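Peer 1: So that you have it, the file is model38.cif, and it contains mmCIF, C-alpha atoms:
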data_my_file
#
loop_
_atom_site.label_atom_id
_atom_site.label_comp_id
_atom_site.auth_asym_id
_atom_site.auth_seq_id
_atom_site.Cartn_x
_atom_site.Cartn_y
_atom_site.Cartn_z
CA MET E 245 -10.35 1.11 20.50
CA GLU E 246 -11.85 2.92 17.52
CA THR E 247 -13.43 0.47 15.10
CA GLY E 248 -16.10 2.63 13.49
CA PRO E 249 -16.80 3.01 9.77
CA LEU E 250 -13.59 4.79 8.85
CA PHE E 251 -13.99 3.67 5.25
CA GLN E 252 -17.02 4.38 3.11
CA SER E 253 -16.93 0.92 1.54
CA PHE E 254 -15.29 -2.26 2.85
CA TRP E 255 -14.04 -3.08 -0.66
CA MET E 256 -11.73 -0.48 -2.17
CA GLY E 257 -9.92 0.13 -5.44
CA GLY E 258 -6.32 1.30 -5.61
CA PHE E 259 -5.00 3.27 -8.58
CA GLU E 260 -1.30 2.72 -9.26
CA CYS E 261 0.38 6.09 -8.71
CA SER E 262 4.10 5.25 -8.59
CA ASP E 263 6.34 8.03 -9.88
CA GLN E 264 9.74 6.69 -8.89
CA ILE E 265 12.90 6.31 -10.94
CA ASN E 266 13.22 2.76 -12.25
CA CYS E 267 16.26 0.50 -12.49
CA PHE E 268 17.34 2.21 -15.73
CA GLY E 269 17.35 5.66 -14.14
CA GLU E 270 14.15 6.68 -15.93
CA ARG E 271 11.27 8.45 -14.21
CA VAL E 272 7.99 6.58 -14.50
CA ASP E 273 4.52 8.05 -13.99
CA LEU E 274 1.94 5.31 -13.76
CA LEU E 275 -0.97 7.71 -13.34
CA GLN E 276 -0.04 8.95 -16.79
CA GLU E 277 0.68 5.51 -18.27
CA THR E 278 -2.66 4.10 -17.10
CA GLU E 279 -4.52 7.24 -18.27
CA HIS E 280 -6.26 7.44 -14.90
CA LEU E 281 -6.02 11.21 -14.68
CA ARG E 282 -7.63 11.63 -18.08
CA MET E 283 -10.32 9.08 -17.27
CA LEU E 284 -10.80 9.94 -13.58
CA GLU E 285 -14.55 10.48 -13.68
CA SER E 286 -15.29 7.42 -15.80
CA ASP E 287 -12.96 5.30 -13.63
CA TYR E 288 -14.88 6.34 -10.53
CA ARG E 289 -18.19 5.67 -12.26
CA ARG E 290 -17.03 2.16 -13.15
CA LEU E 291 -16.09 1.47 -9.54
CA LEU E 292 -19.38 2.78 -8.19
CA GLU E 293 -21.20 0.43 -10.55
CA GLN E 294 -19.24 -2.44 -8.95
CA GLY E 295 -20.22 -1.37 -5.43
CA ILE E 296 -16.87 0.22 -4.56
CA SER E 297 -16.84 3.79 -3.30
CA THR E 298 -13.47 4.08 -1.51
CA VAL E 299 -10.24 4.44 -3.49
CA ARG E 300 -6.51 4.81 -2.87
CA GLU E 301 -4.88 7.66 -4.77
CA GLY E 302 -1.43 9.28 -4.78
CA VAL E 303 -0.39 12.92 -4.47
CA GLN E 304 2.86 12.28 -6.39
CA TRP E 305 5.46 14.34 -4.56
CA THR E 306 7.49 14.78 -7.74
CA LYS E 307 4.57 16.60 -9.38
CA VAL E 308 3.37 18.89 -6.58
CA GLU E 309 6.73 20.26 -5.34
CA LYS E 310 7.58 22.54 -8.25
CA LYS E 311 10.85 23.57 -6.59
CA PRO E 312 12.13 23.05 -3.04
CA PHE E 313 9.50 24.08 -0.48
CA GLU E 314 7.08 25.43 -3.14
CA PHE E 315 3.96 23.37 -3.79
CA ASP E 316 1.08 23.36 -6.23
CA PHE E 317 -1.86 21.06 -5.43
CA THR E 318 -4.07 22.22 -8.30
CA ARG E 319 -4.32 18.76 -9.86
CA VAL E 320 -4.89 17.12 -6.46
CA GLY E 321 -7.68 19.59 -5.77
CA GLN E 322 -9.34 18.77 -9.08
CA MET E 323 -9.21 15.06 -8.19
CA MET E 324 -10.67 15.77 -4.75
CA ASP E 325 -13.47 17.90 -6.19
CA THR E 326 -14.40 15.13 -8.63
CA ALA E 327 -14.49 12.53 -5.86
CA ARG E 328 -16.62 14.69 -3.57
CA ARG E 329 -19.07 15.43 -6.36
CA MET E 330 -19.39 11.72 -7.18
CA GLY E 331 -19.57 10.45 -3.60
CA VAL E 332 -16.19 8.68 -3.67
CA GLN E 333 -13.91 8.56 -0.63
CA GLN E 334 -10.22 9.03 -1.41
CA VAL E 335 -7.40 7.63 0.74
CA TRP E 336 -4.25 9.56 -0.13
CA ASP E 337 -0.60 8.48 -0.29
CA LEU E 338 1.68 11.51 0.02
CA CYS E 339 4.76 9.60 -1.12
CA HIS E 340 4.23 6.44 -3.16
CA PHE E 341 7.88 5.54 -3.93
CA GLY E 342 8.88 8.67 -5.88
CA TYR E 343 11.07 11.52 -4.59
CA PRO E 344 11.92 14.82 -6.33
CA ASP E 345 14.95 14.67 -8.62
CA ASP E 346 17.27 16.36 -6.12
CA LEU E 347 16.33 14.14 -3.15
CA SER E 348 16.87 10.68 -1.74
CA PRO E 349 16.15 9.37 1.76
CA LEU E 350 19.88 9.76 2.55
CA HIS E 351 19.88 13.48 1.68
CA PRO E 352 20.40 15.65 4.81
CA LYS E 353 17.26 17.68 4.05
CA PHE E 354 15.01 14.74 3.16
CA ALA E 355 12.96 14.81 6.36
CA GLU E 356 12.68 18.61 6.29
CA ARG E 357 11.41 18.55 2.71
CA PHE E 358 8.94 15.75 3.43
CA VAL E 359 7.59 17.56 6.50
CA ALA E 360 7.10 20.63 4.29
CA LEU E 361 5.10 18.48 1.86
CA CYS E 362 2.91 17.21 4.70
CA ARG E 363 2.38 20.70 6.07
CA ALA E 364 1.52 22.14 2.66
CA PHE E 365 -0.89 19.29 1.93
CA GLY E 366 -2.61 19.60 5.32
CA GLU E 367 -3.01 23.35 4.96
CA PHE E 368 -4.30 22.92 1.41
CA VAL E 369 -7.02 20.52 2.60
CA ILE E 370 -8.00 22.76 5.53
CA HIS E 371 -8.21 25.83 3.29
CA ARG E 372 -10.26 24.03 0.65
CA TYR E 373 -12.57 21.82 2.72
CA GLY E 374 -12.14 22.63 6.41
CA THR E 375 -11.24 20.15 9.16
CA VAL E 376 -12.59 17.12 7.31
CA GLU E 377 -11.74 13.55 8.22
CA MET E 378 -9.35 12.07 5.67
CA VAL E 379 -7.29 8.88 5.67
CA LEU E 380 -3.65 9.42 4.72
CA THR E 381 -0.55 7.30 4.19
CA PRO E 382 2.57 9.46 4.52
CA ILE E 383 5.02 7.01 2.87
CA ASN E 384 3.98 3.81 1.16
CA GLU E 385 5.78 0.50 1.86
CA VAL E 386 8.87 1.78 3.63
CA SER E 387 10.14 -1.79 4.06
CA PHE E 388 9.94 -2.55 0.35
CA ILE E 389 11.38 0.69 -0.97
CA SER E 390 14.21 0.50 1.57
CA TRP E 391 15.12 -2.90 0.19
CA LEU E 392 14.63 -1.89 -3.46
CA GLY E 393 16.77 1.25 -3.20
CA GLY E 394 19.11 0.19 -0.41
CA GLU E 395 19.82 -3.49 -1.06
CA ALA E 396 18.79 -4.29 -4.64
CA ALA E 397 20.07 -0.99 -6.13
CA ALA E 398 16.98 -0.87 -8.36
CA THR E 399 15.80 2.67 -7.58
CA VAL E 400 17.00 5.83 -5.82
CA PRO E 401 19.52 5.92 -4.18
CA PHE E 402 20.73 2.79 -6.05
CA CYS E 403 22.61 1.38 -3.06
CA ARG E 404 23.55 -1.95 -1.56
CA ASN E 405 23.97 -2.67 2.14
CA GLU E 406 22.14 0.57 3.00
CA GLY E 407 18.66 -0.82 3.57
CA TRP E 408 18.56 -0.14 7.29
CA ASN E 409 19.88 3.43 6.94
CA ILE E 410 17.27 4.21 4.28
CA LYS E 411 14.52 2.66 6.39
CA TYR E 412 15.60 4.69 9.42
CA LYS E 413 15.61 7.96 7.47
CA LEU E 414 12.25 7.23 5.85
CA VAL E 415 10.64 6.45 9.21
CA GLU E 416 12.15 9.60 10.71
CA ALA E 417 10.44 11.63 7.99
CA TYR E 418 7.25 9.53 8.33
CA ILE E 419 6.93 10.22 12.07
CA ARG E 420 7.61 13.92 11.72
CA GLY E 421 5.11 14.07 8.88
CA ILE E 422 2.38 12.41 10.95
CA GLN E 423 3.00 14.82 13.81
CA VAL E 424 2.61 17.82 11.54
CA LEU E 425 -0.51 16.44 9.84
CA LYS E 426 -2.24 15.68 13.13
CA GLU E 427 -1.24 19.08 14.52
CA ILE E 428 -2.83 20.80 11.53
CA ASN E 429 -5.97 18.64 11.58
CA PRO E 430 -6.58 16.06 14.33
CA ALA E 431 -9.29 14.56 12.08
CA PHE E 432 -6.62 13.21 9.73
CA LYS E 433 -6.34 9.43 10.15
CA ILE E 434 -3.09 7.63 9.41
CA LEU E 435 -2.96 4.32 7.57
CA SER E 436 0.33 2.43 7.35
CA THR E 437 0.85 0.23 4.27
CA GLU E 438 3.60 -2.33 4.85
CA PRO E 439 4.15 -5.74 3.22
CA LEU E 440 2.77 -8.74 5.08
CA VAL E 441 5.17 -11.64 4.56
CA SER E 442 6.15 -15.04 5.88
CA MET E 443 9.81 -16.07 5.74
CA VAL E 444 10.55 -19.69 6.55
CA PRO E 445 13.67 -21.87 6.82
CA CYS E 446 14.45 -24.61 4.31
CA LEU E 447 12.94 -28.01 5.07
CA ASP E 448 16.21 -29.50 6.33
CA ALA E 449 17.32 -26.34 8.17
CA SER E 450 19.75 -26.34 11.05
CA GLU E 451 18.81 -24.73 14.34
CA GLU E 452 20.86 -21.67 13.40
CA GLU E 453 19.06 -21.36 10.06
CA ILE E 454 15.68 -21.66 11.78
CA LEU E 455 16.59 -18.83 14.16
CA ARG E 456 17.83 -16.65 11.32
CA ALA E 457 14.61 -17.17 9.37
CA GLN E 458 12.56 -16.30 12.46
CA ALA E 459 14.58 -13.12 12.97
CA SER E 460 14.13 -12.14 9.33
CA HIS E 461 10.38 -12.76 9.59
CA GLU E 462 10.27 -10.56 12.69
CA ASN E 463 12.05 -7.73 10.85
CA GLN E 464 8.95 -7.08 8.76
CA TYR E 465 7.54 -5.29 11.81
CA GLN E 466 10.40 -2.82 12.21
CA VAL E 467 8.69 0.08 10.42
CA VAL E 468 5.44 -0.09 12.39
CA ASP E 469 7.34 -0.73 15.62
CA MET E 470 9.38 2.43 14.99
CA ILE E 471 6.34 4.54 14.17
CA LEU E 472 4.60 3.35 17.35
CA GLY E 473 7.68 4.05 19.48
CA ARG E 474 8.43 0.41 20.30
CA MET E 475 11.78 0.60 18.52
CA CYS E 476 14.24 3.48 18.02
CA PRO E 477 12.37 5.76 20.48
CA GLU E 478 14.75 8.61 19.62
CA LEU E 479 12.74 9.07 16.43
CA GLY E 480 9.75 10.27 18.46
CA GLY E 481 7.26 7.54 17.57
CA GLY E 482 4.29 6.85 19.80
CA PRO E 483 1.23 4.63 20.19
CA ASP E 484 -1.20 7.28 18.93
CA LEU E 485 0.43 7.91 15.56
CA LEU E 486 -1.31 5.14 13.59
CA ASP E 487 -5.06 4.67 13.29
CA VAL E 488 -5.08 1.60 11.01
CA ILE E 489 -2.39 -0.99 10.29
CA GLY E 490 -2.51 -1.59 6.53
CA LEU E 491 -1.00 -4.79 5.12
CA ASN E 492 -0.03 -5.49 1.51
CA TYR E 493 -0.25 -9.14 0.52
CA TYR E 494 0.39 -10.79 -2.87
CA TYR E 495 0.83 -14.31 -4.20
CA ASN E 496 4.62 -14.25 -3.61
CA ASN E 497 4.66 -12.97 -0.03
CA GLN E 498 5.76 -16.27 1.48
CA TRP E 499 9.25 -17.54 0.68
CA GLU E 500 12.18 -19.59 1.85
CA PHE E 501 14.67 -17.42 3.71
CA ASN E 502 18.12 -17.13 2.13
CA SER E 503 17.16 -19.34 -0.80
CA VAL E 504 19.66 -18.98 -3.64
CA GLU E 505 16.89 -19.77 -6.12
CA GLY E 506 14.45 -17.34 -4.53
CA HIS E 507 12.05 -20.17 -3.67
CA PHE E 508 8.48 -18.99 -3.07
CA LEU E 509 5.83 -21.06 -1.34
CA PRO E 510 2.91 -21.47 -3.78
CA TRP E 511 0.02 -19.33 -2.58
CA ALA E 512 -2.58 -22.10 -2.94
CA ASN E 513 -0.24 -24.59 -1.18
CA GLU E 514 -1.04 -27.38 -3.62
CA ASN E 515 1.92 -29.39 -2.32
CA GLU E 516 0.78 -29.07 1.30
CA ASP E 517 4.06 -27.55 2.43
CA PRO E 518 3.97 -27.59 6.26
CA ARG E 519 5.75 -24.21 6.34
CA TRP E 520 2.97 -22.43 4.43
CA ARG E 521 0.71 -20.24 6.57
CA PRO E 522 -2.89 -19.26 5.83
CA LEU E 523 -3.35 -15.56 5.20
CA SER E 524 -5.77 -15.48 8.12
CA SER E 525 -3.05 -16.57 10.56
CA LEU E 526 -0.70 -13.85 9.31
CA LEU E 527 -3.41 -11.22 9.75
CA GLU E 528 -4.17 -12.49 13.23
CA GLU E 529 -0.48 -12.35 14.11
CA VAL E 530 -0.43 -8.65 13.26
CA PHE E 531 -3.56 -7.90 15.28
CA GLU E 532 -2.26 -9.82 18.29
CA ARG E 533 0.96 -7.84 18.11
CA TYR E 534 -0.57 -4.35 17.87
CA GLN E 535 -4.19 -4.64 19.05
CA GLN E 536 -5.25 -2.02 16.51
CA PRO E 537 -7.63 -2.11 13.53
CA ILE E 538 -6.11 -3.75 10.46
CA MET E 539 -6.93 -4.01 6.77
CA LEU E 540 -5.56 -5.36 3.51
CA ALA E 541 -4.26 -2.17 1.89
CA GLU E 542 -3.14 -3.96 -1.28
CA THR E 543 -3.87 -7.34 -2.83
CA SER E 544 -4.25 -8.74 -6.33
CA HIS E 545 -3.04 -11.35 -8.78
CA SER E 546 -2.34 -11.25 -12.49
CA GLY E 547 -3.75 -13.19 -15.42
CA GLU E 548 -6.18 -16.06 -15.23
CA ASP E 549 -5.70 -16.67 -11.49
CA ARG E 550 -7.37 -13.40 -10.50
CA PRO E 551 -10.82 -14.89 -9.73
CA GLN E 552 -9.38 -17.75 -7.66
CA TRP E 553 -7.09 -15.35 -5.80
CA ILE E 554 -9.80 -12.91 -4.73
CA ARG E 555 -12.01 -15.78 -3.53
CA PHE E 556 -9.07 -17.10 -1.51
CA VAL E 557 -8.47 -13.66 0.01
CA ALA E 558 -12.15 -13.19 0.88
CA GLU E 559 -12.37 -16.62 2.52
CA GLN E 560 -9.27 -15.91 4.61
CA CYS E 561 -10.48 -12.46 5.65
CA SER E 562 -13.87 -13.92 6.50
CA LEU E 563 -12.13 -16.22 8.98
CA VAL E 564 -10.53 -13.18 10.59
CA LEU E 565 -13.88 -11.42 10.85
CA ASP E 566 -15.34 -14.55 12.44
CA LYS E 567 -12.93 -13.99 15.32
CA HIS E 568 -14.19 -10.42 15.80
CA VAL E 569 -10.89 -8.87 14.78
CA PRO E 570 -11.43 -5.20 13.80
CA PHE E 571 -10.69 -5.84 10.13
CA LEU E 572 -11.78 -2.78 8.16
CA GLY E 573 -11.41 -3.49 4.47
CA ILE E 574 -9.79 -5.00 1.38
CA CYS E 575 -8.21 -2.84 -1.31
CA ILE E 576 -7.83 -4.42 -4.75
CA TYR E 577 -4.55 -2.96 -5.98
CA PRO E 578 -4.32 -2.19 -8.80
CA ILE E 579 -7.95 -1.90 -9.76
CA ILE E 580 -6.89 -0.77 -13.26
CA ASP E 581 -4.18 -2.72 -15.10
CA ARG E 582 -0.62 -1.43 -14.77
CA PRO E 583 2.61 -1.75 -16.74
CA ASP E 584 5.90 -2.99 -15.35
CA TRP E 585 8.00 -0.21 -13.77
CA ASP E 586 11.15 -1.16 -15.62
CA HIS E 587 9.59 -2.29 -18.92
CA LEU E 588 6.60 -0.07 -19.58
CA HIS E 589 5.55 -2.03 -22.67
CA ARG E 590 4.76 -5.06 -20.48
CA TRP E 591 1.35 -4.92 -18.84
CA HIS E 592 0.64 -7.14 -15.83
CA HIS E 593 -3.06 -7.74 -16.60
CA SER E 594 -3.72 -7.56 -12.89
CA GLY E 595 -6.69 -5.20 -12.69
CA LEU E 596 -10.44 -5.59 -12.76
CA TRP E 597 -10.08 -3.76 -16.05
CA ASP E 598 -7.25 -4.72 -18.42
CA HIS E 599 -5.31 -2.32 -20.59
CA HIS E 600 -4.30 -3.19 -24.16
CA PRO E 601 -2.64 -0.06 -25.58
CA GLU E 602 -1.69 -1.75 -28.85
CA SER E 603 -5.38 -2.07 -29.70
CA GLY E 604 -6.39 1.26 -28.21
CA LEU E 605 -8.56 -0.48 -25.57
CA THR E 606 -7.66 0.85 -22.15
CA ARG E 607 -10.53 -0.41 -19.98
CA ILE E 608 -11.58 -4.02 -20.66
CA LEU E 609 -13.70 -5.46 -17.86
CA GLN E 610 -12.65 -8.96 -16.85
CA ASP E 611 -16.03 -10.61 -16.39
CA ASP E 612 -14.80 -13.69 -14.49
CA TYR E 613 -12.89 -11.48 -12.07
CA ALA E 614 -15.89 -9.18 -11.62
CA ALA E 615 -18.11 -12.20 -10.85
CA ALA E 616 -15.57 -13.49 -8.31
CA ILE E 617 -15.44 -10.08 -6.64
CA ARG E 618 -19.23 -10.02 -6.34
CA GLN E 619 -19.19 -13.50 -4.78
CA SER E 620 -16.45 -12.36 -2.41
CA MET E 621 -18.46 -9.29 -1.46
CA ASN E 622 -21.46 -11.46 -0.61
CA LEU E 623 -19.30 -13.72 1.56
CA ILE E 624 -17.83 -10.81 3.48
CA ASN E 625 -21.21 -9.09 3.84
CA LYS E 626 -22.55 -12.11 5.74
CA ASN E 627 -19.86 -11.56 8.37
CA LEU E 628 -20.34 -7.80 8.49
CA ARG E 629 -24.05 -8.26 9.21
CA MET E 630 -23.42 -10.64 12.10
#
Any chance you could put this one into structure tokens?

Peer 2:
Amino acid sequence: METGPLFQSFWMGGFECSDQINCFGERVDLLQETEHLRMLESDYRRLLEQGISTVREGVQWTKVEKKPFEFDFTRVGQMMDTARRMGVQQVWDLCHFGYPDDLSPLHPKFAERFVALCRAFGEFVIHRYGTVEMVLTPINEVSFISWLGGEAAATVPFCRNEGWNIKYKLVEAYIRGIQVLKEINPAFKILSTEPLVSMVPCLDASEEEILRAQASHENQYQVVDMILGRMCPELGGGPDLLDVIGLNYYYNNQWEFNSVEGHFLPWANENEDPRWRPLSSLLEEVFERYQQPIMLAETSHSGEDRPQWIRFVAEQCSLVLDKHVPFLGICIYPIIDRPDWDHLHRWHHSGLWDHHPESGLTRILQDDYAAAIRQSMNLINKNLRM
């Protein structure tokens, strides 16, 4: 099992790169809204000063495919050149929620168009830099976007009761994309980025409700199971397609199944709910299932709880490292504040740097959060040295 230093730094920073259509039918571009492209070099310098030299970035499919099957990676190349010059490792998402205007996962040419994107990207990298090792995520959070667009009707294709069909089509494209990328350059490494959740029955649940909650909890693994060929083998998945299992975990990732009120289990478990599970146990469950390297590909909190949250995450991940699980890193996502997809005037205040556009201040370091991150780094470093 490969467990070497795939990532340049254990701690990583993720830049919000969503370019999807929101619930109002409006295209959003969070790279533009956060001014990351304009401030790329200074953003990287800020991260390096905090001891972070690996970042997650997004290609933005909607921007690079100028018309069907014609691609322009000029901007991506400029970003790559800046990172290489500054000693920053970039982990690239090829599709982070957004599809070109004429596409949806249910379009008959979706997979063909996505494979073309992967091929064009791979050939671009080879032509520019040679057969370099690079970590790639073909499609971000298939499980979430399948629900958002196929059950909640909050993005393309604005459907209900189509979640499974969208998931199936996305994974079909995902698998074919991986195959093309690895054919072009076997040094490409593939990182999946799926939500890590815990769904539990209500406290007075019947046996049937308990079984339904367990089945729903198990469904979170469908995407990775399909990519690895454990499910829907007709899609062509296989055990060698993923190099790292990435897991996205936030404060509201544990909830009561089928709750009319949408009841979430508080992340700090102040009420000592017996159904609440430590993050460490969820991570261990994933490793036991797949026996492959894992990482937290996204995690963060908003507002004043940010310092407490990152300490909690570090303590939980430290427990996983204590058990010699090949746990490769933690990505703080977003590292720069982001606005709400549907209401762009509302900022989450969830980054290490906050954004206050009304005052013209777009990078305000949150000192308490920065101190908590440094403490968390020291805690993790003790385990990494053991």

Peer 1: Can you give me, as a PyMOL selection string, the residues this file yields under the PyMOL selection byres ((chain E and resi 575-588) around 6)?

Peer 2: chain E and resi 255-260+266+541-544+574+589-599

Peer 1: Give the answer as one residue: which of E:Leu455, E:Leu440, E:Arg282, E:Asp484 has the shortest atom-to-atom distance to Pro522 of chain E, using all atoms listed in the file?

Peer 2: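 Comparing E:Leu455, E:Leu440, E:Arg282, E:Asp484 against Pro522 of chain E, the winner is E:Leu440.
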
Peer 1: List the residues matched by the PyMOL selection byres ((chain E and resi 418) around 10) in the displayed structure as a list in words, ordered by chain and then by residue number.

Peer 2: Cys339, Ala355, Phe358, Val359, Cys362, Thr381, Pro382, Ile383, Asn384, Val386, Tyr412, Lys413, Leu414, Val415, Glu416, Ala417, Ile419, Arg420, Gly421, Ile422, Gln423, Ser436, Val467, Met470, Ile471, Leu479 and Gly481 of chain E

Peer 1: So what do you get for atom CA of Pro349 of chain E versus atom CA of Trp336 of chain E, distance-wise?

Peer 2: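 Those two atoms sit 20.5 Å apart.
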
Peer 1: Extract, using all atoms listed in the file, all DNA, RNA and protein residues at most 12 Å from Asn502 of chain E, discarding same-chain residues fewer than 3 positions from it, and format them as a ChimeraX atom specification.

Peer 2: /E:443-446,449,453-454,456-458,460-461,499,505-508

Peer 1: Could you list, as a PyMOL selection string, every residue matched by the PyMOL selection byres ((chain E and resi 283-285) around 12) in this structure?

Peer 2: chain E and resi 259+275-282+286-292+299+301+319-320+322-332+580+606-607

Peer 1: Enter the distance from atom CA of Gly321 of chain E to atom CA of Leu338 of chain E, in Å, rounded to one decimal.

Peer 2: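 It comes out at 13.7 Å.
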
Peer 1: Enumerate, as number ranges by chain, the protein, DNA and RNA residues whose atoms approach (-10.0, 13.5, 8.7) to within 6 Å, taking into account all atoms listed in the file and the coordinate frame of the file.

Peer 2: E: 376-378, 431-433

Peer 1: Point out the residue among E:Phe354, E:Phe368, E:Phe501, E:Tyr343 with the least atom-to-atom distance to Gly393 of chain E, counting all atoms listed in the file.

Peer 2: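 Closest to Gly393 of chain E of all the choices is E:Tyr343.
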
Peer 1: Interatomic distance between atom CA of Met539 of chain E and atom CA of Phe571 of chain E?

Peer 2: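 Separating atom CA of Met539 of chain E from atom CA of Phe571 of chain E is a distance of 5.4 Å.
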
Peer 1: Go through E:Val569, E:Val557, E:Ile265, E:Leu447 and flag the residue nearest Glu500 of chain E, using only C-alpha atoms for the distances.

Peer 2: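 Looking only at the distances to Glu500 of chain E, the closest residue turns out to be E:Leu447.
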
Peer 1: Leaving out Val308 of chain E and any residue of its chain fewer than 6 positions from it, which residues lie within 10 Å of it when counting all atoms listed in the file, given as a list in words?

Peer 2: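 Those residues are Glu314, Phe315, Asp316, Phe317, Thr318, Arg319, Val320, Pro344, Leu361, Ala364 and Phe365 of chain E.
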
Peer 1: Next, dump the selected residues to file, keeping only C-alpha atoms, as an mmCIF file, in the frame of the given file.

Peer 2:
data_model
loop_
_atom_site.group_PDB
_atom_site.id
_atom_site.type_symbol
_atom_site.label_atom_id
_atom_site.label_comp_id
_atom_site.auth_asym_id
_atom_site.auth_seq_id
_atom_site.Cartn_x
_atom_site.Cartn_y
_atom_site.Cartn_z
ATOM 1 C CA GLU E 314 7.080 25.430 -3.140
ATOM 2 C CA PHE E 315 3.960 23.370 -3.790
ATOM 3 C CA ASP E 316 1.080 23.360 -6.230
ATOM 4 C CA PHE E 317 -1.860 21.060 -5.430
ATOM 5 C CA THR E 318 -4.070 22.220 -8.300
ATOM 6 C CA ARG E 319 -4.320 18.760 -9.860
ATOM 7 C CA VAL E 320 -4.890 17.120 -6.460
ATOM 8 C CA PRO E 344 11.920 14.820 -6.330
ATOM 9 C CA LEU E 361 5.100 18.480 1.860
ATOM 10 C CA ALA E 364 1.520 22.140 2.660
ATOM 11 C CA PHE E 365 -0.890 19.290 1.930
#

Peer 1: Find the residue from E:Gly547, E:Arg372, E:Glu406, E:Gln294 that sits nearest to Ala615 of chain E; use all atoms listed in the file when measuring.

Peer 2: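 Closest to Ala615 of chain E of all the choices is E:Gln294.
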
Peer 1: With all atoms listed in the file as the atoms that count, which of E:Val468, E:Leu605, E:Ile538, E:Val564 lies nearest to Ser387 of chain E?

Peer 2: E:Val468
